[in-house]
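Heads up, input.csv below (CSV, C-alpha atoms and all ligand atoms):
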chain,number,residue,atom,x,y,z
A,18,MET,CA,-17.9,7.2,-13.3
A,19,SER,CA,-17.2,7.1,-9.5
A,20,LEU,CA,-15.0,9.3,-7.4
A,21,ARG,CA,-13.2,12.1,-9.2
A,22,ILE,CA,-10.8,14.5,-7.5
A,23,GLU,CA,-9.5,17.5,-9.3
A,24,ASN,CA,-6.6,19.7,-8.3
A,25,LEU,CA,-7.4,19.3,-4.6
A,26,THR,CA,-5.3,21.5,-2.3
A,27,VAL,CA,-5.5,21.6,1.5
A,28,ARG,CA,-3.4,23.8,3.7
A,29,TYR,CA,-3.2,23.8,7.5
A,30,GLY,CA,-1.8,27.3,8.2
A,31,SER,CA,1.5,27.4,6.5
A,32,VAL,CA,1.7,23.6,5.8
A,33,THR,CA,0.5,22.5,2.4
A,34,ALA,CA,-0.8,19.0,3.2
A,35,LEU,CA,-2.1,18.4,-0.4
A,36,GLY,CA,-0.7,20.4,-3.3
A,37,GLY,CA,-3.1,20.0,-6.3
A,38,VAL,CA,-4.0,16.3,-6.3
A,39,SER,CA,-6.1,14.8,-9.2
A,40,LEU,CA,-7.3,11.3,-9.5
A,41,GLU,CA,-10.2,9.3,-10.7
A,42,LEU,CA,-11.4,5.9,-9.3
A,43,GLN,CA,-13.0,3.3,-11.5
A,44,PRO,CA,-16.3,1.9,-10.2
A,45,GLY,CA,-15.7,-1.2,-8.0
A,46,GLU,CA,-12.0,-0.8,-7.8
A,47,MET,CA,-9.8,-1.1,-4.7
A,48,PHE,CA,-7.6,2.0,-4.9
A,49,PHE,CA,-4.7,2.6,-2.5
A,50,LEU,CA,-3.1,5.8,-1.4
A,51,LEU,CA,0.4,4.8,-0.3
A,52,GLY,CA,3.2,7.0,1.1
A,53,PRO,CA,5.4,7.8,4.1
A,54,SER,CA,4.0,9.4,7.2
A,55,GLY,CA,3.0,13.0,6.7
A,56,CYS,CA,2.7,12.8,2.9
A,57,GLY,CA,-1.0,13.8,3.0
A,58,LYS,CA,-2.8,10.4,2.7
A,59,SER,CA,-5.2,10.9,5.6
A,60,THR,CA,-5.9,14.5,4.6
A,61,LEU,CA,-7.0,13.3,1.2
A,62,LEU,CA,-9.2,10.6,2.7
A,63,ARG,CA,-10.7,13.0,5.2
A,64,ALA,CA,-11.4,15.6,2.4
A,65,VAL,CA,-13.3,12.9,0.4
A,66,ALA,CA,-15.2,11.9,3.6
A,67,GLY,CA,-16.3,15.5,4.1
A,68,PHE,CA,-14.3,16.2,7.3
A,69,ILE,CA,-12.2,19.1,5.8
A,70,GLU,CA,-14.1,22.2,5.0
A,71,ASP,CA,-11.2,24.4,3.9
A,72,SER,CA,-9.9,23.1,0.6
A,73,SER,CA,-9.7,24.2,-3.0
A,74,GLY,CA,-10.2,22.1,-6.1
A,75,ALA,CA,-13.1,19.7,-6.7
A,76,ILE,CA,-14.4,16.4,-5.4
A,77,ALA,CA,-17.2,14.7,-7.2
A,78,PHE,CA,-18.9,11.4,-7.1
A,79,GLY,CA,-20.9,10.0,-10.1
A,80,GLY,CA,-20.7,13.5,-11.6
A,81,GLU,CA,-22.2,15.2,-8.5
A,82,ASN,CA,-20.1,17.9,-6.9
A,83,LEU,CA,-19.6,17.2,-3.2
A,84,THR,CA,-18.3,20.6,-2.2
A,85,GLY,CA,-20.2,21.7,0.8
A,86,MET,CA,-22.1,18.4,1.3
A,87,PRO,CA,-21.9,17.3,4.9
A,88,ALA,CA,-20.2,14.0,5.6
A,89,HIS,CA,-23.4,12.1,6.6
A,90,ARG,CA,-25.1,12.9,3.4
A,91,ARG,CA,-22.3,11.5,1.2
A,92,ASP,CA,-23.2,7.9,1.8
A,93,PHE,CA,-19.6,6.9,2.3
A,94,GLY,CA,-18.5,4.3,4.8
A,95,MET,CA,-15.4,4.9,6.8
A,96,VAL,CA,-13.1,2.7,8.9
A,97,PHE,CA,-10.4,4.3,11.1
A,98,GLN,CA,-7.1,2.9,12.3
A,99,ASN,CA,-8.3,3.0,16.0
A,100,TYR,CA,-11.7,1.4,15.1
A,101,ALA,CA,-13.6,4.3,16.8
A,102,LEU,CA,-16.3,2.1,18.2
A,103,PHE,CA,-18.7,3.2,20.9
A,104,PRO,CA,-17.5,1.4,24.0
A,105,HIS,CA,-20.8,1.5,25.8
A,106,LEU,CA,-22.8,0.0,22.9
A,107,THR,CA,-23.0,-3.6,22.0
A,108,VAL,CA,-21.7,-4.9,18.6
A,109,GLU,CA,-25.2,-4.8,17.4
A,110,GLY,CA,-25.7,-1.2,18.6
A,111,ASN,CA,-22.4,-0.1,17.0
A,112,VAL,CA,-23.3,-1.6,13.7
A,113,ALA,CA,-26.9,-0.3,13.8
A,114,PHE,CA,-25.8,3.2,14.6
A,115,GLY,CA,-25.6,4.5,11.0
A,116,LEU,CA,-29.0,3.0,10.2
A,117,GLU,CA,-30.7,4.6,13.1
A,118,ALA,CA,-29.2,8.0,12.1
A,119,ARG,CA,-30.8,7.3,8.7
A,120,LYS,CA,-34.2,6.5,10.2
A,121,VAL,CA,-34.3,2.9,8.9
A,122,GLY,CA,-37.1,0.9,10.5
A,123,ALA,CA,-36.5,-1.6,13.3
A,124,ASP,CA,-37.1,-4.8,11.3
A,125,GLU,CA,-34.9,-3.7,8.4
A,126,THR,CA,-32.2,-2.6,10.8
A,127,ARG,CA,-32.2,-6.0,12.5
A,128,ALA,CA,-32.0,-7.8,9.1
A,129,ARG,CA,-29.2,-5.5,7.8
A,130,VAL,CA,-27.1,-5.7,11.0
A,131,ALA,CA,-27.4,-9.5,10.8
A,132,GLU,CA,-26.3,-9.4,7.2
A,133,ALA,CA,-23.4,-7.1,7.8
A,134,LEU,CA,-22.2,-9.2,10.8
A,135,GLN,CA,-22.4,-12.3,8.7
A,136,LEU,CA,-20.4,-10.6,5.9
A,137,VAL,CA,-17.5,-9.9,8.4
A,138,GLY,CA,-17.7,-13.3,10.1
A,139,LEU,CA,-19.1,-12.0,13.4
A,140,SER,CA,-22.5,-13.7,13.6
A,141,GLY,CA,-23.1,-14.7,17.3
A,142,TYR,CA,-21.2,-11.7,18.7
A,143,GLU,CA,-24.2,-9.3,18.7
A,144,LYS,CA,-24.5,-8.8,22.4
A,145,ARG,CA,-20.8,-8.3,23.2
A,146,ARG,CA,-19.2,-4.9,23.9
A,147,PRO,CA,-16.0,-3.7,22.1
A,148,GLY,CA,-14.0,-4.3,25.3
A,149,GLU,CA,-14.9,-8.0,25.1
A,150,LEU,CA,-13.4,-8.4,21.6
A,151,SER,CA,-9.9,-8.8,20.2
A,152,GLY,CA,-8.4,-6.1,18.0
A,153,GLY,CA,-9.2,-8.1,14.9
A,154,GLN,CA,-12.8,-8.6,15.9
A,155,GLN,CA,-13.2,-4.9,16.8
A,156,GLN,CA,-11.9,-4.0,13.3
A,157,ARG,CA,-14.5,-6.4,11.9
A,158,VAL,CA,-17.2,-4.5,13.8
A,159,ALA,CA,-15.9,-1.3,12.4
A,160,LEU,CA,-16.1,-2.8,8.9
A,161,ALA,CA,-19.6,-4.0,9.5
A,162,ARG,CA,-20.6,-0.6,10.7
A,163,ALA,CA,-19.2,1.0,7.6
A,164,LEU,CA,-20.8,-1.6,5.2
A,165,VAL,CA,-24.3,-1.8,6.8
A,166,ILE,CA,-25.3,1.6,5.3
A,167,ARG,CA,-24.5,0.1,1.8
A,168,PRO,CA,-22.0,2.9,1.1
A,169,ARG,CA,-21.3,4.0,-2.5
A,170,LEU,CA,-17.7,4.4,-1.4
A,171,LEU,CA,-15.7,2.7,1.3
A,172,LEU,CA,-12.9,4.7,2.9
A,173,LEU,CA,-10.3,2.8,4.9
A,174,ASP,CA,-7.7,4.7,6.9
A,175,GLU,CA,-4.8,2.4,7.9
A,176,PRO,CA,-7.3,-0.2,9.0
A,177,LEU,CA,-4.7,-2.8,9.9
A,178,SER,CA,-2.0,-0.8,11.6
A,179,ASN,CA,-3.1,-1.6,15.1
A,180,LEU,CA,-3.1,-5.3,14.6
A,181,ASP,CA,-0.2,-7.7,15.1
A,182,ALA,CA,1.5,-9.2,12.0
A,183,LYS,CA,-0.5,-12.5,12.0
A,184,LEU,CA,-3.9,-10.8,12.5
A,185,ARG,CA,-3.0,-8.2,9.9
A,186,TRP,CA,-2.4,-10.9,7.3
A,187,GLU,CA,-5.7,-12.5,8.3
A,188,MET,CA,-7.7,-9.3,8.1
A,189,ARG,CA,-6.0,-8.4,4.8
A,190,GLY,CA,-7.5,-11.6,3.4
A,191,GLU,CA,-10.9,-10.7,4.9
A,192,ILE,CA,-10.9,-7.3,3.3
A,193,LYS,CA,-10.0,-8.9,0.0
A,194,ARG,CA,-12.9,-11.4,0.3
A,195,ILE,CA,-15.4,-8.7,1.4
A,196,HIS,CA,-14.4,-6.5,-1.5
A,197,ALA,CA,-14.8,-9.3,-3.9
A,198,GLN,CA,-18.2,-10.0,-2.5
A,199,THR,CA,-19.6,-6.5,-2.3
A,200,LYS,CA,-17.6,-4.8,-5.1
A,201,ILE,CA,-17.8,-1.5,-3.3
A,202,THR,CA,-15.4,1.1,-4.7
A,203,THR,CA,-12.8,1.4,-2.0
A,204,LEU,CA,-10.2,4.1,-1.2
A,205,TYR,CA,-7.6,2.6,1.1
A,206,VAL,CA,-4.9,4.5,2.9
A,207,THR,CA,-1.7,2.8,4.2
A,208,HIS,CA,2.0,3.4,4.6
A,209,ASP,CA,2.6,-0.4,4.2
A,210,GLN,CA,3.7,-1.2,0.7
A,211,LYS,CA,3.1,-4.9,1.1
A,212,GLU,CA,-0.5,-4.2,2.0
A,213,ALA,CA,-0.9,-2.0,-1.0
A,214,LEU,CA,1.0,-4.3,-3.5
A,215,SER,CA,-1.0,-7.3,-2.4
A,216,LEU,CA,-4.5,-5.8,-2.4
A,217,ALA,CA,-4.7,-2.8,-4.8
A,218,ASP,CA,-6.1,-2.8,-8.3
A,219,ARG,CA,-4.3,0.5,-8.6
A,220,LEU,CA,-2.3,2.7,-6.3
A,221,ALA,CA,-1.1,6.2,-6.0
A,222,ILE,CA,2.2,7.0,-4.3
A,223,LEU,CA,2.1,10.3,-2.5
A,224,LYS,CA,5.1,12.4,-1.4
A,225,ASP,CA,4.9,15.9,0.2
A,226,GLY,CA,1.2,16.3,-0.8
A,227,LYS,CA,1.7,15.3,-4.4
A,228,ILE,CA,1.1,12.1,-6.5
A,229,GLU,CA,4.5,10.8,-7.5
A,230,ALA,CA,3.2,7.7,-9.4
A,231,LEU,CA,-0.1,6.0,-10.2
A,232,GLY,CA,-0.6,2.6,-11.6
A,233,ALA,CA,-1.0,-1.1,-11.1
A,234,PRO,CA,1.1,-2.7,-8.3
A,235,ARG,CA,3.2,-4.9,-10.6
A,236,ASP,CA,3.9,-2.1,-13.1
A,237,LEU,CA,5.0,0.3,-10.4
A,238,TYR,CA,7.1,-2.3,-8.6
A,239,LEU,CA,8.9,-3.4,-11.8
A,240,ALA,CA,9.1,-0.1,-13.6
A,241,PRO,CA,8.8,2.7,-11.0
A,242,PRO,CA,8.9,6.2,-12.6
A,243,ASN,CA,11.6,7.5,-10.2
A,244,ARG,CA,14.0,6.6,-7.5
A,245,PHE,CA,11.7,7.6,-4.6
A,246,CYS,CA,8.9,5.3,-5.8
A,247,ALA,CA,11.4,2.5,-6.5
A,248,GLY,CA,12.8,2.7,-3.0
A,249,PHE,CA,9.4,3.1,-1.4
A,250,LEU,CA,7.9,0.0,-3.0
A,251,GLY,CA,10.8,-2.4,-2.1
A,252,ASP,CA,14.5,-2.9,-1.6
A,253,LEU,CA,16.6,-1.3,-4.2
A,254,ASN,CA,19.9,-2.4,-5.6
A,255,ALA,CA,21.3,0.4,-7.7
A,256,LEU,CA,24.3,1.4,-9.8
A,257,ASP,CA,24.8,4.9,-11.0
A,258,GLY,CA,26.1,5.7,-14.4
A,259,GLU,CA,25.5,7.4,-17.8
A,260,VAL,CA,23.3,6.4,-20.7
A,261,THR,CA,25.4,5.4,-23.7
A,262,SER,CA,22.6,4.4,-26.1
A,263,ALA,CA,18.9,4.0,-26.1
A,264,SER,CA,16.3,2.5,-28.5
A,265,ASN,CA,13.0,0.6,-28.5
A,266,GLY,CA,12.4,0.9,-24.7
A,267,ARG,CA,15.9,-0.4,-23.9
A,268,VAL,CA,18.9,1.6,-22.6
A,269,ARG,CA,22.5,0.8,-22.1
A,270,VAL,CA,24.1,2.4,-19.1
A,271,LYS,CA,27.8,2.6,-18.4
A,272,THR,CA,28.4,1.9,-14.7
A,273,PRO,CA,31.6,1.5,-12.7
A,274,LEU,CA,31.0,-2.3,-12.9
A,275,GLY,CA,30.5,-2.4,-16.7
A,276,GLU,CA,27.8,-1.6,-19.2
A,277,ILE,CA,24.3,-2.8,-18.3
A,278,GLU,CA,21.2,-3.0,-20.4
A,279,ALA,CA,17.9,-2.1,-18.8
A,280,ALA,CA,14.3,-1.6,-19.6
A,281,GLY,CA,13.4,2.1,-20.0
A,282,THR,CA,13.8,5.2,-22.1
A,283,ALA,CA,16.3,8.0,-21.7
A,284,ASN,CA,18.6,10.2,-23.8
A,285,ALA,CA,22.1,9.1,-24.6
A,286,GLY,CA,24.5,11.0,-22.4
A,287,ALA,CA,22.1,11.5,-19.6
A,288,LYS,CA,23.1,10.6,-16.0
A,289,ALA,CA,21.0,7.7,-14.9
A,290,GLY,CA,21.0,4.7,-12.6
A,291,VAL,CA,20.0,1.1,-13.1
A,292,PHE,CA,18.4,-1.1,-10.4
A,293,CYS,CA,17.3,-4.6,-9.7
A,294,ARG,CA,15.3,-6.1,-6.8
A,295,PRO,CA,17.0,-8.4,-4.3
A,296,GLU,CA,14.9,-11.4,-5.3
A,297,ARG,CA,16.5,-11.2,-8.8
A,298,VAL,CA,20.1,-11.3,-7.4
A,299,ALA,CA,22.1,-14.4,-6.8
A,300,LEU,CA,24.9,-14.2,-4.2
A,301,LEU,CA,27.5,-16.9,-4.9
A,302,PRO,CA,30.3,-18.0,-2.6
A,303,GLU,CA,33.7,-18.5,-4.3
A,304,GLY,CA,33.7,-21.4,-6.7
A,305,ALA,CA,29.9,-21.6,-7.0
A,306,ALA,CA,28.4,-21.9,-10.5
A,307,VAL,CA,26.5,-19.0,-11.9
A,308,PRO,CA,22.8,-20.0,-12.3
A,309,GLU,CA,21.5,-20.3,-15.8
A,310,GLY,CA,20.0,-17.0,-17.1
A,311,TYR,CA,22.1,-14.9,-14.6
A,312,ALA,CA,25.0,-12.6,-15.5
A,313,VAL,CA,27.8,-11.8,-13.1
A,314,VAL,CA,28.0,-8.1,-12.1
A,315,THR,CA,31.1,-8.6,-9.9
A,316,ARG,CA,33.1,-11.3,-8.3
A,317,GLU,CA,34.5,-8.9,-5.8
A,318,ALA,CA,31.6,-8.3,-3.4
A,319,THR,CA,32.2,-8.5,0.3
A,320,VAL,CA,29.6,-9.9,2.7
A,321,CYS,CA,29.1,-7.3,5.4
A,322,ASN,CA,25.9,-8.3,7.1
A,323,ALA,CA,23.8,-11.4,7.3
A,324,ALA,CA,20.4,-11.6,9.0
A,325,PHE,CA,18.6,-15.0,9.2
A,326,LEU,CA,14.9,-14.3,8.7
A,327,GLY,CA,13.5,-17.8,8.7
A,328,GLU,CA,12.4,-18.3,5.1
A,329,HIS,CA,15.7,-16.9,3.8
A,330,THR,CA,18.8,-15.0,4.9
A,331,LEU,CA,19.1,-11.3,4.0
A,332,TYR,CA,22.6,-10.4,3.1
A,333,GLU,CA,24.0,-6.9,2.7
A,334,VAL,CA,27.1,-6.9,0.5
A,335,ASP,CA,29.5,-4.2,-0.5
A,336,LEU,CA,30.3,-4.0,-4.2
A,337,PRO,CA,33.6,-2.5,-5.5
A,338,GLY,CA,33.2,1.3,-5.4
A,339,GLY,CA,31.3,1.2,-2.1
A,340,THR,CA,27.8,0.5,-3.3
A,341,ARG,CA,25.8,-1.6,-0.8
A,342,TRP,CA,23.3,-4.2,-2.1
A,343,ARG,CA,20.8,-6.5,-0.5
A,344,CYS,CA,20.1,-10.0,-1.6
A,345,TYR,CA,18.4,-13.2,-0.2
A,346,ARG,CA,19.6,-16.7,0.0
A,347,THR,CA,17.6,-19.7,1.0
A,348,GLU,CA,20.2,-22.0,2.5
A,349,ALA,CA,20.6,-25.3,4.3
A,350,ALA,CA,21.8,-25.3,7.9
A,351,GLY,CA,25.5,-24.4,8.2
A,352,ALA,CA,25.6,-22.9,4.6
A,353,LYS,CA,25.6,-19.3,5.8
A,354,LEU,CA,28.2,-17.1,4.1
A,355,PRO,CA,30.5,-15.6,6.7
A,356,GLU,CA,30.6,-11.9,7.2
A,357,GLY,CA,33.8,-10.5,5.6
A,358,SER,CA,33.9,-13.3,2.9
A,359,LYS,CA,34.2,-12.6,-0.8
A,360,ALA,CA,31.3,-13.5,-3.1
A,361,ALA,CA,30.1,-13.0,-6.6
A,362,VAL,CA,26.9,-11.2,-7.4
A,363,ALA,CA,24.9,-12.1,-10.4
A,364,VAL,CA,21.6,-10.7,-11.7
A,365,ALA,CA,18.8,-12.5,-13.5
A,366,GLY,CA,18.3,-11.6,-17.2
A,367,GLY,CA,15.7,-9.0,-17.8
A,368,ALA,CA,15.7,-7.9,-14.1
A,369,TRP,CA,17.3,-4.5,-14.7
A,370,GLY,CA,15.2,-1.3,-14.7
A,371,LEU,CA,16.1,2.3,-15.2
A,372,LEU,CA,16.2,4.9,-12.5
A,373,ALA,CA,15.6,8.2,-14.0
B,1,LIG,P1,-0.4,11.1,6.4
B,1,LIG,O1,-1.7,10.6,6.5
B,1,LIG,O2,0.2,10.7,5.1
B,1,LIG,O3,0.6,10.7,7.5
B,1,LIG,P2,-1.5,13.7,6.9
B,1,LIG,O4,-2.5,13.9,5.9
B,1,LIG,O5,-2.0,13.3,8.3
B,1,LIG,O6,-0.4,12.7,6.4
B,1,LIG,O7,-0.7,15.0,7.1
B,1,LIG,C1,-0.1,15.8,6.0
B,1,LIG,C2,0.6,17.0,6.5
B,1,LIG,O8,-0.3,17.9,7.1
B,1,LIG,C3,1.7,16.7,7.6
B,1,LIG,O9,2.7,17.6,7.4
B,1,LIG,C4,1.0,17.0,8.9
B,1,LIG,O10,1.9,17.3,9.9
B,1,LIG,C5,0.0,18.1,8.5
B,1,LIG,N1,-1.2,18.1,9.3
B,1,LIG,C6,-2.1,17.1,9.3
B,1,LIG,N2,-3.2,17.4,10.1
B,1,LIG,C7,-3.0,18.7,10.5
B,1,LIG,C8,-3.7,19.6,11.4
B,1,LIG,N3,-4.9,19.3,11.9
B,1,LIG,N4,-3.1,20.8,11.6
B,1,LIG,C9,-1.9,21.1,11.1
B,1,LIG,N5,-1.2,20.3,10.3
B,1,LIG,C10,-1.7,19.1,10.0

So, in terms of structure tokens, how does the structure I just supplied come out?
Ligand code: ADP
Amino acid sequence: MSLRIENLTVRYGSVTALGGVSLELQPGEMFFLLGPSGCGKSTLLRAVAGFIEDSSGAIAFGGENLTGMPAHRRDFGMVFQNYALFPHLTVEGNVAFGLEARKVGADETRARVAEALQLVGLSGYEKRRPGELSGGQQQRVALARALVIRPRLLLLDEPLSNLDAKLRWEMRGEIKRIHAQTKITTLYVTHDQKEALSLADRLAILKDGKIEALGAPRDLYLAPPNRFCAGFLGDLNALDGEVTSASNGRVRVKTPLGEIEAAGTANAGAKAGVFCRPERVALLPEGAAVPEGYAVVTREATVCNAAFLGEHTLYEVDLPGGTRWRCYRTEAAGAKLPEGSKAAVAVAGGAWGLLA
């Protein structure tokens, strides 16, 4: 048993930031709260940390009710987006802060600060001040400061948002390594789906203060429970239609571009969409062979936009009927499909999912 949240509701005046959220974390897991700005992620994290007094519902840890328990008595470590380091204290002083507040002796403090700095790869930086560190290093100090108290829960609030893309990737790996080493149960808030998909054991997608979906990254990406979650986790190529038949976890959906079989359950006659991800779509110039295992959806797509992104080119194509799709091509120099040209679109077998 670890963190358990039951029917948590938080209102700021007339705004309902959280509308009855329930979830339970497994001991040692890395759990993500993912959702667009304003969906209530930070509010949930702050309520768990003990920074929000006015809420209803229950938060418990290891069976103990946390209602009314002040933040510093919860033994949770927290890392903020803006690091929130003390600028006048050294790295050592910042990391030792939580131990001094807990009246840990000087020798033990020294040993634990050294241990925490080693864990985050900052040994040797003890005497620097935050202003003498890069953004990534400051975030490592913030992590060390949260870890040094040996928290029973680690709370991370958009910890990588202030870092540039390369550093973000590096720190993402560091957080993964540190979590594997410490196995501290972690609740991690982000609006970045790639961060969540690549790090989470499980994740909850929030929208308007409610959980829309909860599950493992792969399951949610491949079989999202609804259109919002499907679109939030990645690019979505959809066709709308009507279910003609359904059995054994498969449905057939009649779309303007023909009947398509997808994974999912629905009632015959229901309005529904089917979708596939861009990486499962082949965009084929006129005369190109259809790759094995792919089925042509249309030969009448029009290339309307091409963006060279380095590792591949992202194409936007219009399908007959006006539906716009996105697909990738990895192509040799000079092989770019011209905007305005006609192309065929084919989808890999088994790639279709249902959009309820
Ligand atoms: P997120 O972290 O997902 O961006 P927040 O939890 O910060 O979302 O906010 C959820 C909702 O509550 C938003 O509509 C936001 O404007 C509102 N909100 C957050 N903090 C306050 C506050 N202190 N006073 C009033 N409204 C707030």

ask   = Just how far from CA of Ile228 (chain A) is CA of Val65 (chain A), in Å to one decimal?
value =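 Between CA of Val65 (chain A) and CA of Ile228 (chain A) the gap is 16.0 Å.
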
Counting only C-alpha atoms and all ligand atoms, the residue of A:Leu223, A:Leu139, A:Leu354, A:Val158 that sits nearest ligand LIG 1 (chain B) =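 When distances to ligand LIG 1 (chain B) are compared using only C-alpha atoms and all ligand atoms, the smallest one comes from A:Leu223.
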
ask   = Can you list, as number ranges by chain, every protein, DNA or RNA residue that comes within 12 Å of region 206-210 of chain A when you count all atoms listed in the file, leaving out same-chain residues fewer than 5 positions away?
value = A: 47-63, 95-98, 171-179, 182, 185, 189, 215-217, 220-224, 234-235, 237-238, 246-252

query = In Å, with one decimal, what is the gap from CA of Val362 (chain A) to CA of Ala255 (chain A)?
reply =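 Computed distance, CA of Val362 (chain A) to CA of Ala255 (chain A), equals 12.9 Å.
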
task = List the residues sitting within 6 Å of (21.2, 8.7, -23.3) in the file's frame, using all atoms listed in the file, as a list in words.
result =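 Residues satisfying the cut-off, written out: Val260, Thr261, Ser262, Ala263, Ala283, Asn284, Ala285, Gly286 and Ala287 of chain A.
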
ask   = Residues at most 7 Å from Val130 (chain A), counting all atoms listed in the file, excluding those fewer than 2 positions away in the same chain, as a PyMOL selection string?
value = chain A and resi 109+112-113+126-128+132-134+165

Store the residues of this selection in a file with C-alpha atoms, as a PDB file, in the frame of the given file.
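Output file again23.pdb is given in full below:
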ATOM      1  CA  GLU A 109     -25.200  -4.800  17.400  1.00  0.00           C
ATOM      2  CA  VAL A 112     -23.300  -1.600  13.700  1.00  0.00           C
ATOM      3  CA  ALA A 113     -26.900  -0.300  13.800  1.00  0.00           C
ATOM      4  CA  THR A 126     -32.200  -2.600  10.800  1.00  0.00           C
ATOM      5  CA  ARG A 127     -32.200  -6.000  12.500  1.00  0.00           C
ATOM      6  CA  ALA A 128     -32.000  -7.800   9.100  1.00  0.00           C
ATOM      7  CA  GLU A 132     -26.300  -9.400   7.200  1.00  0.00           C
ATOM      8  CA  ALA A 133     -23.400  -7.100   7.800  1.00  0.00           C
ATOM      9  CA  LEU A 134     -22.200  -9.200  10.800  1.00  0.00           C
ATOM     10  CA  VAL A 165     -24.300  -1.800   6.800  1.00  0.00           C
TER      11      VAL A 165
END

query = What's the 8 Å shell around Gly67 (chain A), counting only C-alpha atoms, without same-chain residues fewer than 2 positions away, as a ChimeraX atom specification?
reply = /A:63-65,69-70,86-88,91

request  = List the neighbours of region 194-198 of chain A out to 10 Å using all atoms listed in the file; skip same-chain residues closer than 3 positions along the sequence, and give me the result as a list of chain:residue names.
outcome  =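 Here the qualifying residues turn out to be A:Gly45, A:Glu46, A:Met47, A:Leu136, A:Val137, A:Leu160, A:Leu164, A:Leu171, A:Met188, A:Arg189, A:Gly190, A:Glu191, A:Ile201, A:Thr202, A:Thr203, A:Leu216.
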
From the coordinates I just gave you, please extract region 121-133 of chain A so that only N, CA, C and O atoms remain, then output it as a CSV table (one decimal), in the first residue's frame.
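Final output, out.csv:
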chain,number,residue,atom,x,y,z
A,121,VAL,N,18.8,16.5,12.3
A,121,VAL,CA,19.8,15.5,12.1
A,121,VAL,C,21.2,16.0,12.5
A,121,VAL,O,21.5,17.2,12.2
A,122,GLY,N,22.0,15.2,13.1
A,122,GLY,CA,23.3,15.6,13.6
A,122,GLY,C,24.3,16.0,12.5
A,122,GLY,O,24.1,15.6,11.3
A,123,ALA,N,25.3,16.7,12.8
A,123,ALA,CA,26.3,17.3,11.8
A,123,ALA,C,27.0,16.2,11.0
A,123,ALA,O,27.1,16.3,9.8
A,124,ASP,N,27.4,15.1,11.7
A,124,ASP,CA,28.2,14.1,11.0
A,124,ASP,C,27.3,13.4,10.0
A,124,ASP,O,27.7,13.1,8.9
A,125,GLU,N,26.1,13.0,10.5
A,125,GLU,CA,25.2,12.3,9.6
A,125,GLU,C,24.7,13.2,8.5
A,125,GLU,O,24.6,12.7,7.3
A,126,THR,N,24.5,14.5,8.8
A,126,THR,CA,24.1,15.4,7.7
A,126,THR,C,25.2,15.4,6.6
A,126,THR,O,24.9,15.3,5.4
A,127,ARG,N,26.5,15.5,7.0
A,127,ARG,CA,27.6,15.6,6.1
A,127,ARG,C,27.6,14.3,5.2
A,127,ARG,O,27.7,14.4,4.0
A,128,ALA,N,27.4,13.2,5.8
A,128,ALA,CA,27.5,11.9,5.1
A,128,ALA,C,26.3,11.8,4.1
A,128,ALA,O,26.4,11.4,3.0
A,129,ARG,N,25.1,12.2,4.6
A,129,ARG,CA,23.9,12.1,3.7
A,129,ARG,C,23.9,13.1,2.6
A,129,ARG,O,23.4,12.8,1.5
A,130,VAL,N,24.4,14.3,2.8
A,130,VAL,CA,24.6,15.3,1.7
A,130,VAL,C,25.5,14.7,0.7
A,130,VAL,O,25.2,14.8,-0.5
A,131,ALA,N,26.6,14.2,1.1
A,131,ALA,CA,27.6,13.6,0.2
A,131,ALA,C,27.0,12.5,-0.6
A,131,ALA,O,27.2,12.4,-1.9
A,132,GLU,N,26.2,11.6,0.0
A,132,GLU,CA,25.6,10.5,-0.6
A,132,GLU,C,24.6,11.0,-1.7
A,132,GLU,O,24.5,10.5,-2.8
A,133,ALA,N,23.8,12.0,-1.3
A,133,ALA,CA,22.7,12.5,-2.2
A,133,ALA,C,23.4,13.2,-3.4
A,133,ALA,O,22.9,13.1,-4.6
